[in-house]
Amino acid sequence: MSPLRPRAGRDGGPGDDGGPGDDRGHGGDHSPRAPASPRTGPAAWARDLAMGMRLAAGGGREGWIRTALTAAGVALGVAVLLLGSSVPTLMDSLHGREKARENLGQLHEPPPADDTVRYTSTDTVFHGAPIRGRLVHPDGAHPPVPPGVRQLPGPGRMLVSPALKELLDSHDSALLRERLDYRVAGIIGDEGLTGPRELTYFAQSATPLAAPDSYRIDHFGKDWHAPPMRAPAVVLLIMTCVALMTPVLVFIGTSVRFGNERRERRLAALRLVGADVPTTRRIASGEALFGSLLGLVAGGALFLGGRQCASVITLWGINVFPADVAPGPLAVALIAVLVPTAAVAVTLFAQRGVTVEPLGIVRHRPPVRRRLWWRPALPAVGALLLVPLARESAWRDTPLNTVRLAAGAMLLLLGVTALLPWLVDAVVGRLHGGPVSWQLAVRRLQLNSGSATRAVSGITVAVAGAIAIHMLLTGMQAGFAQAYAESGKLPRIGLWGNARDWPQVQRALTALRATPGVTAARGTIDGGLSYTTGRPGSAAGFATIAIGSCAELRTLARLDSCRDGDLFLTGARGHTLTPGATVDLNPRYTAAEPVRPHPWKIPTTARDARLRHPGRAPGRVHYDLLATPAAVDIGRFGYPTAEYQIDFDRDTPDAVEHLRNTAARIDPTMNEFSAVDNPHDAQYSSVRNGLFTGAVITLLLIGSGLIISTVEQLHERRRLLSTLDAYGTRRSTLSWSVLWQTALPVALGLGLALGCGLALGTLLLTMLDTAVTVDIPVVAGMTGIGGGVILFVTALSLPPLWRLMRPDGLRTE
């Protein structure tokens, strides 16, 4: 018998080959079954995942630290995903509230009745804050009321939003109280507000409202469609979602792998007691699943707590109630399923390259050399999607362009994570020599750079996205600032409203000139007219006429002589508008308008005149005809408007607010156009600050994960550290090695992030036809924070390092 084959014992052993004690005979009643094949069905998955969750929950203080960090990363991602999926619901709620409380006029105006009301807009601005105003006058005893209003306020009274009530009660709003010369009779309910910080009022005029200053309605809630967002806002919204989502998705994938090396040692113990490799991988997935489920719950709680801040945040004039920030049920279900599934999938993917053996041995398979050929494909495809958009003449908001922009930006950012591992291996593989601390760090990265690059990938994507989005914001903000600075060089405000006759305009000019701070005021009555070009099949042309006194017309054109009854042609339409030509003073601007022509023949006594500002300068109307009041009947025009240009002294305190008060007394429905207030500065600055804060928080969380990874690597090398300490290696040498080991991947990642962020930001600004502007403070700040993360990780890794550098670490059993 071979000495390697056990002898048959009395009790039978696994080496028996048949004997008296062998009950594997063919005829025995107790013949043992063949070894059962491993269970791989749903029950096995459930059992092993549950065991992994129990191990994660009972892992002691260190295990709970890893689980808490995993949960924090997943919670951040879940909160951002829930916030992003709430945007459609939020906008639907916002537009629904606006639609329910508004009626911008009916195609067929109803006749006066007991249930009709005359209605008009009286919006205004106070110290840069827009205030929505609505003025009504009922025709009967049962007028319609908008949501949030039980009944109309009495004549000369108004209902106000809580925020406007607070503003009116403040000590520095005396001029606003003077402008809104109504007695506060109550508060508008939440149903009639788009947000808790909205400034709005609903008042009843003490005198009847007449056309064309108002229109008659019989209900609120007419069909209303929100105006489309402007191209810069669309691009900014898409890029904000991408810049927030991409690093969060990377961080979720990284956070579920925290504690990977310690987990593998624990799995080795499970192999020792009989678990097979698939079982250990499912158990490892259960540990990651436990952290992701905690993160899912914490993310939901973070979202519910964070959405309470919606009431104090106003962006681009949008302020919403916290209850409006709610994701759809389908989005919640997808997030609840996909996030834990992603945690399990990432863990299984991470386990594919290791083989866990008993006795605490983790045997890595031969490392696969990282190939370069496929890694640039992600950023290349992203650039191919974005470059055609940048070369188009103007951004067009279409579903295809939205998908191309989002996909291209995300691929460009994710391409950084694909390039970083190869770049780290390529750089550290060529590093040789240097101080001992440098060689220790480089050698460690040469042996295994996976955990370091995974953590740094999150930093890289976050920094690249932050640089790109800040470049976009800076370029847009600079464009608005330049436009407002150019148009605001001359302190001037424009006003326009409905006109009845020239004496009305004269009285308004007298009141405006008497306003404190006003240095000059000019005004005309503007009207539109149409004319035929004389060419067969050609469409009618449109022209503009200004009506005013000779003094007012001389501010528009150079006139040799002028008296009431004169009319002048500026030659803007060539020879089409000539003395004796017939024009229509009531042209149709839309196909839905009824045809009511008011023909008028240009007097043969009309003379030529040259405009003082012939070019189409911003804020100036290019007039085709100039007329004195006696030259044309103002009542025959379809929509005559009074246009005022008022210059004011910036040194006069509150000159603009005094001017707005005068305009409200002249006509509360008068509209303002000016470059006095630039609302974009505060809006863009708040968005930039919010994104910068979010990027900093993300970097700190990623830095925390890097700390865990570094400390675990130190524990993995505790015997080596004890050996180095026994040989007399100084603590400073190993401390510097930890610093270099962290700094090298981060420095390479920041270099990639800088290049990717600048490229993406340049493409986005080119897409909007905006000058490329690099936000140097943000670039420097993000780079500095990246460097701070290195010092942060190193500083918190030193105490564990010094505890491990002890000779007793060489003792073994």
# chains A, B, ... in the order shown; residues from 1 in each chain; ligands from 1
>>> residues_around(residues="Pro599 in chain A", least_positions_apart="5", cutoff="9 Å", atoms="only C-alpha atoms", output="list in words")
Thr582, Val583, Asp584, Leu585 and Asn586 of chain A
>>> write_last_selection(atoms="N, CA and C atoms", output="PDB file, in the first residue's frame")
ATOM      1  N   THR A 582     -50.544 105.417 -50.031  1.00  0.00           N
ATOM      2  CA  THR A 582     -51.591 105.022 -49.093  1.00  0.00           C
ATOM      3  C   THR A 582     -51.077 103.898 -48.194  1.00  0.00           C
ATOM      4  N   VAL A 583     -51.289 104.054 -46.897  1.00  0.00           N
ATOM      5  CA  VAL A 583     -50.838 103.068 -45.921  1.00  0.00           C
ATOM      6  C   VAL A 583     -52.025 102.705 -45.019  1.00  0.00           C
ATOM      7  N   ASP A 584     -51.869 101.616 -44.253  1.00  0.00           N
ATOM      8  CA  ASP A 584     -52.903 101.149 -43.338  1.00  0.00           C
ATOM      9  C   ASP A 584     -52.437 101.424 -41.909  1.00  0.00           C
ATOM     10  N   LEU A 585     -53.212 102.218 -41.158  1.00  0.00           N
ATOM     11  CA  LEU A 585     -52.847 102.566 -39.783  1.00  0.00           C
ATOM     12  C   LEU A 585     -53.231 101.490 -38.774  1.00  0.00           C
ATOM     13  N   ASN A 586     -53.884 100.424 -39.202  1.00  0.00           N
ATOM     14  CA  ASN A 586     -54.272  99.340 -38.294  1.00  0.00           C
ATOM     15  C   ASN A 586     -53.850  98.000 -38.907  1.00  0.00           C
TER      16      ASN A 586
END
>>> select_by_dssp(residues="range 725-794 of chain A", states="alpha helix (DSSP H)", output="MDAnalysis selection string")
chainID A and resid 725:726 731:767 776:794
>>> closest_residue(among="A:Pro668, A:Gly548, A:Pro88, A:Pro579", to="Ala326 in chain A", atoms="only C-alpha atoms")
A:Pro88
>>> closest_residue(among="A:Leu764, A:Val184, A:Trp600, A:Glu287", to="Ile238 in chain A", atoms="only C-alpha atoms")
A:Leu764
>>> closest_residue(among="A:Leu304, A:Ala409, A:Leu445, A:Ala499", to="Gln741 in chain A", atoms="only C-alpha atoms")
A:Leu445
>>> residues_around(residues="Asp526 in chain A", least_positions_apart="3", cutoff="8 Å", atoms="only C-alpha atoms", output="PyMOL selection string")
chain A and resi 544-547+640-643
>>> select_by_dssp(residues="range 489-711 of chain A", states="strand (DSSP E)", output="MDAnalysis selection string")
chainID A and resid 492:498 518:531 541:547 557:558 567:569 582:584 599:601 607:608 610:611 625:627 641:648 671:674
>>> closest_residue(among="A:Leu159, A:Leu472, A:Ala56, A:Ala406", to="Gly286 in chain A", atoms="only C-alpha atoms")
A:Ala56
>>> closest_residue(among="A:Arg307, A:Arg216, A:Lys165, A:His171", to="Leu199 in chain A", atoms="only C-alpha atoms")
A:Lys165
>>> closest_residue(among="A:Gly497, A:Pro322, A:Pro329, A:Gly195", to="Asn671 in chain A", atoms="only C-alpha atoms")
A:Gly497
>>> residues_around(residues="Val320 in chain A", least_positions_apart="6", cutoff="9 Å", atoms="only C-alpha atoms", output="ChimeraX atom specification")
/A:90,93-94,193-198,310-314
>>> residues_around(residues="Met53 in chain A", least_positions_apart="6", cutoff="12 Å", atoms="only C-alpha atoms", output="short mmCIF file (atom, residue, chain, number, x, y, z; two decimals) with N, CA, C and O atoms, in the first residue's frame")
data_model
loop_
_atom_site.label_atom_id
_atom_site.label_comp_id
_atom_site.auth_asym_id
_atom_site.auth_seq_id
_atom_site.Cartn_x
_atom_site.Cartn_y
_atom_site.Cartn_z
N ALA A 46 -29.77 34.83 -1.82
CA ALA A 46 -30.36 35.51 -0.67
C ALA A 46 -29.62 35.16 0.61
O ALA A 46 -29.35 36.02 1.45
N ARG A 47 -29.28 33.84 0.78
CA ARG A 47 -28.58 33.41 1.98
C ARG A 47 -27.21 34.06 2.08
O ARG A 47 -26.82 34.60 3.13
N GLY A 59 -18.92 44.08 12.06
CA GLY A 59 -17.50 44.20 11.79
C GLY A 59 -16.71 45.04 12.77
O GLY A 59 -15.56 45.37 12.49
N GLY A 63 -15.09 48.20 10.90
CA GLY A 63 -16.07 47.82 9.90
C GLY A 63 -17.17 48.86 9.76
O GLY A 63 -17.61 49.18 8.65
N TRP A 64 -17.58 49.40 10.90
CA TRP A 64 -18.63 50.42 10.84
C TRP A 64 -18.13 51.72 10.23
O TRP A 64 -18.89 52.46 9.61
N THR A 67 -18.32 51.02 6.58
CA THR A 67 -19.73 51.01 6.17
C THR A 67 -20.32 52.41 6.16
O THR A 67 -21.06 52.78 5.25
N ARG A 282 -20.43 36.32 -3.42
CA ARG A 282 -21.77 36.76 -3.07
C ARG A 282 -21.81 37.36 -1.67
O ARG A 282 -22.52 38.34 -1.42
N ILE A 283 -21.01 36.79 -0.75
CA ILE A 283 -20.95 37.36 0.60
C ILE A 283 -20.33 38.76 0.56
O ILE A 283 -20.80 39.68 1.24
N ALA A 284 -19.27 38.91 -0.24
CA ALA A 284 -18.68 40.24 -0.39
C ALA A 284 -19.69 41.22 -0.96
O ALA A 284 -19.75 42.39 -0.56
N SER A 285 -20.51 40.77 -1.90
CA SER A 285 -21.55 41.64 -2.45
C SER A 285 -22.57 42.00 -1.38
O SER A 285 -23.10 43.13 -1.38
N GLY A 286 -22.84 41.08 -0.45
CA GLY A 286 -23.75 41.38 0.63
C GLY A 286 -23.23 42.47 1.54
O GLY A 286 -23.99 43.33 2.03
N GLU A 287 -21.91 42.48 1.79
CA GLU A 287 -21.33 43.55 2.60
C GLU A 287 -21.49 44.90 1.91
O GLU A 287 -21.85 45.90 2.54
N ALA A 288 -21.22 44.95 0.59
CA ALA A 288 -21.42 46.19 -0.14
C ALA A 288 -22.89 46.57 -0.19
O ALA A 288 -23.25 47.76 -0.13
N LEU A 289 -23.76 45.56 -0.29
CA LEU A 289 -25.20 45.83 -0.33
C LEU A 289 -25.68 46.46 0.96
O LEU A 289 -26.53 47.35 0.95
N PHE A 290 -25.11 46.03 2.09
CA PHE A 290 -25.51 46.60 3.38
C PHE A 290 -25.18 48.10 3.42
O PHE A 290 -26.02 48.93 3.80
N GLY A 291 -23.97 48.46 2.99
CA GLY A 291 -23.62 49.88 2.98
C GLY A 291 -24.46 50.68 2.00
O GLY A 291 -24.85 51.82 2.28
N SER A 292 -24.77 50.07 0.85
CA SER A 292 -25.56 50.81 -0.15
C SER A 292 -27.00 50.99 0.32
O SER A 292 -27.62 52.02 0.06
N LEU A 293 -27.55 49.98 1.04
CA LEU A 293 -28.91 50.14 1.55
C LEU A 293 -28.97 51.21 2.63
O LEU A 293 -29.91 52.02 2.68
N LEU A 294 -27.95 51.23 3.51
CA LEU A 294 -27.90 52.32 4.48
C LEU A 294 -27.78 53.66 3.78
O LEU A 294 -28.41 54.65 4.16
N VAL A 344 -23.84 45.78 -5.90
CA VAL A 344 -23.53 44.35 -6.04
C VAL A 344 -22.71 44.11 -7.31
O VAL A 344 -21.72 43.36 -7.31
#
>>> atom_distance(atom1="CA of Asp647 in chain A", atom2="CA of Arg612 in chain A")
17.7 Å
>>> residues_around(residues="Pro147 in chain A", least_positions_apart="5", cutoff="10 Å", atoms="only C-alpha atoms", output="JSON, numbers by chain")
{"A": [97, 98, 100, 101, 102, 188, 189, 190, 191, 192, 193, 220, 221]}
>>> write_last_selection(atoms="C-alpha atoms", output="short mmCIF file (atom, residue, chain, number, x, y, z; two decimals), in the first residue's frame")
data_model
loop_
_atom_site.label_atom_id
_atom_site.label_comp_id
_atom_site.auth_asym_id
_atom_site.auth_seq_id
_atom_site.Cartn_x
_atom_site.Cartn_y
_atom_site.Cartn_z
CA ARG A 97 -49.50 77.15 -10.38
CA GLU A 98 -48.80 79.93 -12.88
CA ALA A 100 -54.08 78.23 -12.62
CA ARG A 101 -53.81 81.85 -11.45
CA GLU A 102 -53.40 83.59 -14.82
CA ILE A 188 -52.53 85.36 -0.67
CA GLY A 189 -52.63 81.64 0.07
CA ASP A 190 -49.94 79.20 -1.06
CA GLU A 191 -52.16 78.00 -3.91
CA GLY A 192 -51.79 81.42 -5.55
CA LEU A 193 -48.00 81.59 -5.25
CA PHE A 220 -58.78 82.12 -14.32
CA GLY A 221 -56.71 79.18 -15.45
#
>>> atom_distance(atom1="CA of Val518 in chain A", atom2="CA of Phe648 in chain A")
4.2 Å
>>> decode(residues="range 768-813 of chain A", atoms="N, CA and C atoms", output="mmCIF file, in the first residue's frame")
data_model
loop_
_atom_site.group_PDB
_atom_site.id
_atom_site.type_symbol
_atom_site.label_atom_id
_atom_site.label_comp_id
_atom_site.auth_asym_id
_atom_site.auth_seq_id
_atom_site.Cartn_x
_atom_site.Cartn_y
_atom_site.Cartn_z
ATOM 1 N N LEU A 768 -22.224 78.449 -27.399
ATOM 2 C CA LEU A 768 -23.101 79.581 -27.132
ATOM 3 C C LEU A 768 -22.612 80.863 -27.776
ATOM 4 N N ASP A 769 -21.565 80.755 -28.596
ATOM 5 C CA ASP A 769 -20.999 81.929 -29.269
ATOM 6 C C ASP A 769 -20.596 82.986 -28.249
ATOM 7 N N THR A 770 -19.945 82.536 -27.183
ATOM 8 C CA THR A 770 -19.486 83.403 -26.112
ATOM 9 C C THR A 770 -17.964 83.352 -26.043
ATOM 10 N N ALA A 771 -17.371 84.484 -25.699
ATOM 11 C CA ALA A 771 -15.912 84.535 -25.592
ATOM 12 C C ALA A 771 -15.425 83.539 -24.545
ATOM 13 N N VAL A 772 -14.345 82.821 -24.876
ATOM 14 C CA VAL A 772 -13.792 81.823 -23.965
ATOM 15 C C VAL A 772 -13.089 82.539 -22.820
ATOM 16 N N THR A 773 -13.570 82.292 -21.612
ATOM 17 C CA THR A 773 -13.016 82.922 -20.418
ATOM 18 C C THR A 773 -12.660 81.834 -19.423
ATOM 19 N N VAL A 774 -11.418 81.833 -18.957
ATOM 20 C CA VAL A 774 -10.957 80.853 -17.977
ATOM 21 C C VAL A 774 -11.103 81.457 -16.586
ATOM 22 N N ASP A 775 -11.808 80.756 -15.726
ATOM 23 C CA ASP A 775 -12.019 81.222 -14.358
ATOM 24 C C ASP A 775 -10.779 80.844 -13.534
ATOM 25 N N ILE A 776 -9.775 81.715 -13.580
ATOM 26 C CA ILE A 776 -8.496 81.424 -12.926
ATOM 27 C C ILE A 776 -8.660 81.143 -11.436
ATOM 28 N N PRO A 777 -9.438 81.961 -10.676
ATOM 29 C CA PRO A 777 -9.569 81.655 -9.245
ATOM 30 C C PRO A 777 -10.138 80.267 -8.975
ATOM 31 N N VAL A 778 -11.113 79.843 -9.781
ATOM 32 C CA VAL A 778 -11.697 78.519 -9.562
ATOM 33 C C VAL A 778 -10.699 77.426 -9.913
ATOM 34 N N VAL A 779 -9.993 77.596 -11.040
ATOM 35 C CA VAL A 779 -8.984 76.600 -11.423
ATOM 36 C C VAL A 779 -7.929 76.482 -10.328
ATOM 37 N N ALA A 780 -7.454 77.648 -9.852
ATOM 38 C CA ALA A 780 -6.456 77.622 -8.786
ATOM 39 C C ALA A 780 -7.044 77.058 -7.495
ATOM 40 N N GLY A 781 -8.312 77.415 -7.216
ATOM 41 C CA GLY A 781 -8.937 76.925 -5.993
ATOM 42 C C GLY A 781 -9.128 75.423 -6.003
ATOM 43 N N MET A 782 -9.621 74.882 -7.137
ATOM 44 C CA MET A 782 -9.816 73.441 -7.212
ATOM 45 C C MET A 782 -8.492 72.702 -7.145
ATOM 46 N N THR A 783 -7.470 73.261 -7.805
ATOM 47 C CA THR A 783 -6.149 72.637 -7.728
ATOM 48 C C THR A 783 -5.616 72.681 -6.307
ATOM 49 N N GLY A 784 -5.820 73.829 -5.644
ATOM 50 C CA GLY A 784 -5.374 73.943 -4.257
ATOM 51 C C GLY A 784 -6.106 72.982 -3.340
ATOM 52 N N ILE A 785 -7.405 72.802 -3.569
ATOM 53 C CA ILE A 785 -8.155 71.860 -2.743
ATOM 54 C C ILE A 785 -7.670 70.443 -2.993
ATOM 55 N N GLY A 786 -7.335 70.133 -4.262
ATOM 56 C CA GLY A 786 -6.761 68.823 -4.543
ATOM 57 C C GLY A 786 -5.471 68.601 -3.785
ATOM 58 N N GLY A 787 -4.622 69.648 -3.750
ATOM 59 C CA GLY A 787 -3.404 69.545 -2.959
ATOM 60 C C GLY A 787 -3.702 69.436 -1.476
ATOM 61 N N GLY A 788 -4.743 70.140 -1.024
ATOM 62 C CA GLY A 788 -5.129 70.035 0.377
ATOM 63 C C GLY A 788 -5.604 68.650 0.738
ATOM 64 N N VAL A 789 -6.279 67.986 -0.211
ATOM 65 C CA VAL A 789 -6.704 66.609 0.038
ATOM 66 C C VAL A 789 -5.495 65.708 0.264
ATOM 67 N N ILE A 790 -4.425 65.949 -0.496
ATOM 68 C CA ILE A 790 -3.203 65.152 -0.315
ATOM 69 C C ILE A 790 -2.667 65.312 1.104
ATOM 70 N N LEU A 791 -2.553 66.567 1.548
ATOM 71 C CA LEU A 791 -2.052 66.809 2.904
ATOM 72 C C LEU A 791 -3.018 66.251 3.947
ATOM 73 N N PHE A 792 -4.313 66.370 3.681
ATOM 74 C CA PHE A 792 -5.336 65.864 4.593
ATOM 75 C C PHE A 792 -5.199 64.351 4.756
ATOM 76 N N VAL A 793 -5.057 63.649 3.649
ATOM 77 C CA VAL A 793 -4.924 62.192 3.701
ATOM 78 C C VAL A 793 -3.634 61.802 4.405
ATOM 79 N N THR A 794 -2.560 62.505 4.079
ATOM 80 C CA THR A 794 -1.267 62.164 4.686
ATOM 81 C C THR A 794 -1.292 62.390 6.192
ATOM 82 N N ALA A 795 -1.836 63.526 6.619
ATOM 83 C CA ALA A 795 -1.851 63.850 8.046
ATOM 84 C C ALA A 795 -2.643 62.822 8.846
ATOM 85 N N LEU A 796 -3.781 62.391 8.335
ATOM 86 C CA LEU A 796 -4.597 61.429 9.075
ATOM 87 C C LEU A 796 -4.083 59.997 8.941
ATOM 88 N N SER A 797 -3.160 59.770 8.008
ATOM 89 C CA SER A 797 -2.583 58.428 7.860
ATOM 90 C C SER A 797 -1.346 58.235 8.735
ATOM 91 N N LEU A 798 -0.788 59.328 9.250
ATOM 92 C CA LEU A 798 0.455 59.205 10.021
ATOM 93 C C LEU A 798 0.261 58.485 11.359
ATOM 94 N N PRO A 799 -0.776 58.793 12.160
ATOM 95 C CA PRO A 799 -0.906 58.054 13.433
ATOM 96 C C PRO A 799 -0.998 56.538 13.255
ATOM 97 N N PRO A 800 -1.838 56.011 12.328
ATOM 98 C CA PRO A 800 -1.806 54.550 12.131
ATOM 99 C C PRO A 800 -0.441 54.057 11.675
ATOM 100 N N LEU A 801 0.257 54.826 10.844
ATOM 101 C CA LEU A 801 1.571 54.419 10.380
ATOM 102 C C LEU A 801 2.535 54.283 11.546
ATOM 103 N N TRP A 802 2.520 55.250 12.452
ATOM 104 C CA TRP A 802 3.457 55.201 13.583
ATOM 105 C C TRP A 802 3.096 54.070 14.544
ATOM 106 N N ARG A 803 1.808 53.752 14.671
ATOM 107 C CA ARG A 803 1.430 52.628 15.541
ATOM 108 C C ARG A 803 1.889 51.294 14.954
ATOM 109 N N LEU A 804 1.921 51.209 13.636
ATOM 110 C CA LEU A 804 2.320 49.953 12.996
ATOM 111 C C LEU A 804 3.836 49.775 12.957
ATOM 112 N N MET A 805 4.587 50.846 13.124
ATOM 113 C CA MET A 805 6.051 50.753 13.059
ATOM 114 C C MET A 805 6.606 50.335 14.424
ATOM 115 N N ARG A 806 6.356 49.079 14.806
ATOM 116 C CA ARG A 806 6.830 48.543 16.081
ATOM 117 C C ARG A 806 7.447 47.173 15.834
ATOM 118 N N PRO A 807 8.526 46.879 16.488
ATOM 119 C CA PRO A 807 9.156 45.550 16.273
ATOM 120 C C PRO A 807 8.248 44.403 16.653
ATOM 121 N N ASP A 808 7.290 44.605 17.655
ATOM 122 C CA ASP A 808 6.450 43.461 18.022
ATOM 123 C C ASP A 808 5.532 43.050 16.898
ATOM 124 N N GLY A 809 5.471 43.842 15.821
ATOM 125 C CA GLY A 809 4.670 43.413 14.689
ATOM 126 C C GLY A 809 5.275 42.221 13.976
ATOM 127 N N LEU A 810 6.535 41.871 14.305
ATOM 128 C CA LEU A 810 7.175 40.711 13.681
ATOM 129 C C LEU A 810 6.822 39.402 14.374
ATOM 130 N N ARG A 811 6.213 39.483 15.571
ATOM 131 C CA ARG A 811 5.860 38.254 16.281
ATOM 132 C C ARG A 811 4.785 37.498 15.502
ATOM 133 N N THR A 812 4.900 36.185 15.505
ATOM 134 C CA THR A 812 3.941 35.359 14.794
ATOM 135 C C THR A 812 3.686 34.096 15.588
ATOM 136 N N GLU A 813 2.647 33.423 15.272
ATOM 137 C CA GLU A 813 2.292 32.173 15.953
ATOM 138 C C GLU A 813 2.164 31.077 14.924
#
